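**Student:** Got a structure for you, written out below as structure tokens; questions coming shortly.
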Amino acid sequence: MEATATKTESKSKSTSRKTTTAKTTTKKLSTFEKLSAINVNKYVEDKQGLKYLSWAFAWSETKKHCPDATYTIGETEYDEATGFMCHTSVTIEGETLEMWLPVMDGKNKSMKKHKYTYPTRYGEKEVEPATTFDINKTIMRCLVKNLAMFGLGIYIYAGEDLPVVEEPVVSSKTQTKPQQSADKPELDINSDKWEAMKKFVEANKTLGYKKIVDKISMKYKISASAQNEIKNLVK
């Protein structure tokens with residue numbers, strides 16, 4: 001009986017150790033890692049060459065993965081020179097981030113309390129005064145941008161087509177050859193895409209320099225100056 005009890009006890013301890021080991025090797029994803037891996041392309045609309053994520057879908061996806069998420073609408077400020085500025089803040093798992101967005105018309109011109117004109121090569125253009133509808137629309141767009149700071153749809157603001165996710169290790173035998181650099185546009189600190197890429201790097205710096213460069217290299221030939229700047233941003 002003692003031998004049987006000893007074996008049972010030993011087996012129980014062994015099982016307990018395995019369970020404990022399994023638990024310690026399971027990595028809990030951060031809020032940013034969870035939300036930045038979500039593909040929201042089916043909810044994105046294209047308007048005049050710009051991509052917009054519907055606030056309803058953005059909030060819905062956020063609540064699915066982060067049920068404790070809450071948001072607050074801040075005061076809408078007004079300045080006669082610059083127009084209206086909307087503010088929001090979002091709190092997830094105890095972390096609060098703020099965001100702001102100006103009220104703009106379809107040509108991305110700041111809207112004010114009154115109509116005004118501005119010169120173009122084709123003559124004077126008018127900007128209509130902002131309405132409560134314009135302000136409400138901007139507040140909800142600000143909320144979407146606020147959620148992007150937590151990772152949801154942030155790849156859209158970085159000019160990418162798909163979210164950044166951890167890719168599985170590929171065997172050297174089956175790994176496909178990367179696109180030849182000669183076929184890729186060059187990414188330099190003076191490139192039009194650089195500002196978008198800076199935001200992309202800053203949002204994904206937890207991946208580390210090598211993974212970020214590998215990701216960007218799939219689409220661009222990175223200049224030496226851009227690589228140095230990426231190193232500084234990742235630090």
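Labels used: A, B, ... for chains in the order of the structure tokens, numbers from 1 for residues in each chain, and numbers from 1 for ligands as shown.
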Determine, counting only C-alpha atoms, which protein, DNA and RNA residues have an atom within 10 Å of an atom of range 191-208 of chain A; residues of the same chain fewer than 2 positions away are not included. Present the result as a PyMOL selection string.

**Tutor:** chain A and resi 32-33+36+148-151+154-160+164-166+185-189+210-213+216+226+229-231+233-235

**Student:** With only C-alpha atoms as the basis for distance, which of A:Gln227, A:Thr138, A:Asn146, A:Thr72 is at the shortest distance from Gly106 in chain A?

**Tutor:**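 Once distances to Gly106 in chain A are computed over only C-alpha atoms, the minimum belongs to A:Thr138.
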
**Student:** For the contact check between range 139-159 of chain A and range 115-135 of chain A, emit one row per residue of range 139-159 of chain A within 12 Å, containing the shortest atom pair and the distance in Å rounded to one decimal, counting only C-alpha atoms, chain then rising number order, as a Markdown table.

**Tutor:**
```
| residue | atom | partner | partner_atom | distance |
| --- | --- | --- | --- | --- |
| A:Ile139 | CA | A:Ile135 | CA | 6.2 |
| A:Met140 | CA | A:Ile135 | CA | 8.9 |
| A:Arg141 | CA | A:Ile135 | CA | 9.9 |
| A:Cys142 | CA | A:Ile135 | CA | 10.3 |
```

**Student:** Using all heavy atoms, can you export the residues from the last selection as an mmCIF file, in the first residue's frame?

**Tutor:**
```
data_model
loop_
_atom_site.group_PDB
_atom_site.id
_atom_site.type_symbol
_atom_site.label_atom_id
_atom_site.label_comp_id
_atom_site.auth_asym_id
_atom_site.auth_seq_id
_atom_site.Cartn_x
_atom_site.Cartn_y
_atom_site.Cartn_z
ATOM 1 N N ILE A 139 -15.267 63.677 -34.110
ATOM 2 C CA ILE A 139 -15.080 63.055 -32.797
ATOM 3 C C ILE A 139 -14.965 61.544 -32.935
ATOM 4 O O ILE A 139 -14.088 60.909 -32.326
ATOM 5 C CB ILE A 139 -16.249 63.416 -31.849
ATOM 6 C CG1 ILE A 139 -16.166 64.884 -31.439
ATOM 7 C CG2 ILE A 139 -16.235 62.524 -30.606
ATOM 8 C CD1 ILE A 139 -17.365 65.384 -30.661
ATOM 9 N N MET A 140 -15.831 60.940 -33.756
ATOM 10 C CA MET A 140 -15.799 59.485 -33.915
ATOM 11 C C MET A 140 -14.560 59.034 -34.693
ATOM 12 O O MET A 140 -14.012 57.962 -34.437
ATOM 13 C CB MET A 140 -17.080 58.993 -34.594
ATOM 14 C CG MET A 140 -18.364 59.365 -33.842
ATOM 15 S SD MET A 140 -18.243 59.224 -32.039
ATOM 16 C CE MET A 140 -18.209 57.445 -31.826
ATOM 17 N N ARG A 141 -14.108 59.854 -35.637
ATOM 18 C CA ARG A 141 -12.864 59.528 -36.343
ATOM 19 C C ARG A 141 -11.680 59.651 -35.387
ATOM 20 O O ARG A 141 -10.704 58.895 -35.490
ATOM 21 C CB ARG A 141 -12.676 60.462 -37.543
ATOM 22 C CG ARG A 141 -13.568 60.123 -38.724
ATOM 23 C CD ARG A 141 -13.311 61.051 -39.893
ATOM 24 N NE ARG A 141 -14.133 60.690 -41.044
ATOM 25 C CZ ARG A 141 -14.233 61.426 -42.154
ATOM 26 N NH1 ARG A 141 -13.540 62.560 -42.240
ATOM 27 N NH2 ARG A 141 -14.992 61.041 -43.152
ATOM 28 N N CYS A 142 -11.776 60.611 -34.479
ATOM 29 C CA CYS A 142 -10.730 60.776 -33.472
ATOM 30 C C CYS A 142 -10.673 59.546 -32.571
ATOM 31 O O CYS A 142 -9.590 59.094 -32.181
ATOM 32 C CB CYS A 142 -11.017 62.030 -32.649
ATOM 33 S SG CYS A 142 -9.729 62.455 -31.471
#
```
